[in-house]
2 protein chains.
Amino acid sequence: MRSKRMYFNAFRMNCVTHMSPGLWTREDDHMVDYTSLKHWTEFAKLLERGCFDAVFLADVVGPYDVYAGNRDATLREATHLPINDPMLLVPAMAAVTEHLGFGYTSSIMQYHPFTFARLISTLDHLTRGRVAWNIVTSFTKSAARNYGLSNLPDHDVRYAMADEYTRLCYRLWEESWADDAVVKDKQRGIYADPRKVRDIDHDGEYYSVHGCHICEPSPQRTPVLFQAGASERGTAFAAENAECVFVIGANPQVAGDYARTVRAKMANFQRRAEDVLCFAYMKVITGSTEAEAKAKYEEYLSEVSYEGAMALLCAWTGIDFSHLDPDQPIEYIDTNAVRTVLHSFTAGDTSRRWTLRDVARFVGIGGAGPVLIGAPEQIADTLEEWVAQGIDGFNLSYATLPATYEDFIDGVVPVLQRRGRMQRDYERGTLREKLFPGRLPRIEAPHPAAACRYPGAV
Amino acid sequence: MRSKRMYFNAFRMNCVTHMSPGLWTREDDHMVDYTSLKHWTEFAKLLERGCFDAVFLADVVGPYDVYAGNRDATLREATHLPINDPMLLVPAMAAVTEHLGFGYTSSIMQYHPFTFARLISTLDHLTRGRVAWNIVTSFTKSAARNYGLSNLPDHDVRYAMADEYTRLCYRLWEESWADDAVVKDKQRGIYADPRKVRDIDHDGEYYSVHGCHICEPSPQRTPVLFQAGASERGTAFAAENAECVFVIGANPQVAGDYARTVRAKMANFQRRAEDVLCFAYMKVITGSTEAEAKAKYEEYLSEVSYEGAMALLCAWTGIDFSHLDPDQPIEYIDTNAVRTVLHSFTAGDTSRRWTLRDVARFVGIGGAGPVLIGAPEQIADTLEEWVAQGIDGFNLSYATLPATYEDFIDGVVPVLQRRGRMQRDYERGTLREKLFPGRLPRIEAPHPAAACRYPGAV
């Protein structure tokens with residue numbers, strides 16, 4: 001039996017510090033070049049050389065201000081602030097690549113759906129169908145305040161908004177233009193047939209649109225859909241809508257459980273398990289030998305910023321740990337909930353006594369997720385253990401730029417290719433066809449977007 | 001005395017038919033390639049070879065549906081529909097050029113100002129300060145309906161919104177981060193100094209933002225500001241805010257009058273006449289001889305689409321001319337207002353009797369503005385007449401792509417360069433420094449954006 005191939009995305013953000021606080025200060029690191037177009041075009045070319053499936057761009061639209069109740073550490077450490085828009089990197093990276101996919105995060109708080117649908121269609125045209133959207137609802141109060149809301153809407157309200165937002169986008173992408181609406185008939189002087197373009201009339205709870213989609217159909221129409229909801233409501237949303245899900249799990253079992261949960265719920269929506277790919281967060285530190293990889297790891301670990309890690313950890317958990325003694329073992333913390341939260345960031349490692357500082361360092365190097373350290377063969381072995389648990393691919397984060405990706409591409413990728421675990425060349429077609437070989441460029445039933453298809457279309 | 005140099009932008013839209021309805025059907029035309037990234041990167045390289053200052057991208061966010069009360073002709077003729085987003089072309093064109101500027105139109109209806117300010121800052125970083133914003137308020141009811149509004153807000157309300165929108169953007173761009181906020185101190189591990197980043201707290205009539213700008217300062221901070229308001233309120237807005245204005249005038253006198261009107265009003269805002277550059281709309285049909293140019297013009301004119309021109313003309317005037325006999329002289333039209341409007345599109349040419357069909361053909365080839373036809377020396381002579389009326393530069397539209405620009409760049413540009421009327425190479429620095437040599441990258445007092453500057457900054 002042929003081995004199942006693994007999928008790889010590079011996991012980044014359009015900012016300095018993503019998941020390795022403090023390491024931007026290394027002399028050999030290029031994180032501070034995030035404002036440079038060349039930095040990103042070179043990065044895209046590197047990934048395509050390494051046969052990566054896509055670059056996956058995270059995003060937040062509000063600063064982290066939970067640690068010490070302010071954003072001071074966030075600014076000092078450049079942890080997701082300052083942060084530029086991720087979508088605008090896509091056209092430049094697309095111009096220098098042929099196959100690489102581009103997934104980017106866009107919060108429903110950020111754009112009116114009419115604007116957003118047009119942006120995606122434009123990108124899908126320009127990239128010839130290589131775009132994916134990571135659907136998020138924003139989790140910070142600071143994001144809500146930036147958009148003039150006094151409070152972040154409740155979790156369930158945010159998902160209700162996301163339901164309406166995505167449906168409305170599906171309608172704009174799928175329902176407004178018939179497949180044969182654009183005729184480009186130079187003889188008769190007809191570009192599009194007006195009888196085959198229809199209005200979307202939507203008056204909902206949160207949004208209203210009356211008009212046709214103003215972009216002609218793009219190769220994929222609906223972009224490849226990513227989602228990473230972890231709650232009861234979030235996994236249901238993913239089961240209904242996502243073509244790719246993303247999980248940060250400390251070990252293969254945890255990540256695999258997430259994949260199984262989403263897949264089990266897919267049946268509720270008449271979708272099959274193979275209709276979704278599950279990507280696990282991963283960081284890989286490798287070198288020509290295990291000893292070299294371990295030495296790198298120790299060096300990086302010694303350079304991690306405690307304050308930067310705390311800025312991230314407090315934002316993600318919503319708990320301000322700034323009043324705790326960093327060197328007290330966390331088992332002595334008197335609040336059970338706080339102990340539990342901090343233990344969840346220790347990857348279940350009970351072989352040692354963890355202090356808050358240990359947790360911060362661990363988060364600082366891992367970025368809330370697992371770190372694999374070893375020679376390329378060892379890394380490949382471990383990745384196979386993850387795949388055995390139902391994981392399809394990885395969103396690879398970095399410790400330093402571009403070294404972490406260069407090390408992986410030059411060291412681990414050839415090993416995986418020899419094992420038949422990684423593509424040596426790209427499939428033809430759109431990102432959807434590359435991720436799901438044998439399928440069509442457009443999303444298929446029973447996905448809810450397909451149900452929006454222009455009436456009468458096959 | 002050294003001749004004043006002329007400025008040139010290429011005037012386009014991210015769609016098939018911009019200002020020459022029907023000509024997309026020519027076998028040698030490339031308008032239908034607007035969805036291709038390569039089409040735009042090649043275009044940008046052509047413009048930079050021709051020493052153009054910028055590409056200026058117009059936009060609309062609602063279909064034209066005045067002609068015959070529907071959008072049928074608009075779709076058949078692809079007149080500004082389908083239309084992709086213009087902003088997303090900028091990063092790709094920036095990646096293949098070094099000096100070309102990028103002005104794009106963004107309606108205040110399209111983005112929340114917090115989102116928009118971030119998009120501009122991101123582009124200004126990626127282009128190293130080559131971005132300009134053309135501020136518009138949208139004029140079609142269809143745009144309002146696309147954004148869930150039952151009606152287009154009144155003209156004055158739209159300008160009140162534009163006032164608040166721009167002020168809020170100025171504050172995000174100029175006031176939130178001190179010049180020395182970003183220190184990038186690798187020794188001390190400090191990226192930004194939190195004491196030098198402040199919140200913008202704005203609760204206005206139409207918008208609300210509470211938070212800091214999430215982008216660090218870009219080269220220009222506030223982009224170069226274009227505006228094209230023609231009404232009493234519009235010219236006041238331009239006089240206060242614009243660094244470049246744009247006018248479609250049938251002849252040098254009309255365009256010059258507009259420039260003089262705006263400049264006269266600038267005194268009300270303590271601004272000097274030289275603080276604004278006035279760009280006139282222009283289409284140039286040239287060839288190696290006058291006869292060759294005239295032959296091209298006649299050929300193009302014969303290919304213009306009546307219906308496409310009517311779709312544009314009716315949308316711009318807000319009047320549905322579809323019930324009129326195309327071949328009746330317009331002087332016989334019984335409504336004075338309609339006659340007046342149509343006459344305004346005839347460039348004051350009373351040497352012949354105009355029918356609606358004549359007007360449509362004239363609009364179809366000119367796109368509501370003047371067309372210069374002749375050998376390169378003749379074109380240069382006429383452009384100098386415009387400059388003598390106080391016009392600083394031109395937004396050059398096209399008849400066909402890329403021929404109109406190639407003809408101009410290979411024919412007229414060398415003539416203008418020999419006369420000292422066009423740059424042979426680019427000035428250094430940002431777009432603002434290129435357009436206003438000797439000035440700083442950032443907007444200067446007494447512009448209202450400069451008044452927003454971070455307190456204590458010089």
# chains A, B, ... in the order shown; residues from 1 in each chain; ligands from 1

$ residues_around --residues "Asn84 in chain A" --least-positions-apart "6" --cutoff "10 Å" --atoms "only C-alpha atoms" --output "PyMOL selection string"
(chain A and resi 13-16+34-35+59-61) or (chain B and resi 118-123+125-126+214-216)

$ select_by_dssp --residues "range 59-148 of chain A" --states "strand (DSSP E)" --output "VMD selection string"
chain A and resid 101 to 107 131 to 136

$ interface_residues --of "chain A" --to "chain B" --cutoff "7 Å" --atoms "only C-alpha atoms" --output "number ranges by chain"
A: 22, 25, 35-37, 72, 75-78, 81-85, 88-89, 91-92, 95, 110-111, 114-115, 118-119, 122, 125-126, 145-148, 186, 189-194, 208-211, 214-216

$ closest_residue --among "B:Ala10, B:Ile379, B:Met31, B:Leu342" --to "Ala44 in chain B" --atoms "only C-alpha atoms"
B:Ala10

$ residues_around --residues "Leu172 in chain A" --least-positions-apart "2" --cutoff "7 Å" --atoms "only C-alpha atoms" --output "list in words"
Ala117, Leu168, Cys169, Tyr170, Glu174, Glu175, Ser176, Ile200 and His213 of chain A

$ residues_around --residues "Trp354 in chain B" --least-positions-apart "3" --cutoff "7 Å" --atoms "only C-alpha atoms" --output "JSON, numbers by chain"
{"B": [329, 330, 358, 359]}

$ write_last_selection --atoms "N, CA and C atoms" --output "CSV table (one decimal), in the first residue's frame"
chain,number,residue,atom,x,y,z
B,329,PRO,N,-31.2,64.9,-33.5
B,329,PRO,CA,-30.3,65.9,-33.0
B,329,PRO,C,-30.7,66.3,-31.5
B,330,ILE,N,-29.7,66.4,-30.7
B,330,ILE,CA,-30.0,66.6,-29.3
B,330,ILE,C,-30.6,68.0,-29.0
B,358,ASP,N,-23.9,60.4,-31.7
B,358,ASP,CA,-22.6,61.1,-31.8
B,358,ASP,C,-22.0,61.3,-30.4
B,359,VAL,N,-22.8,61.7,-29.5
B,359,VAL,CA,-22.4,61.9,-28.1
B,359,VAL,C,-21.8,60.6,-27.6
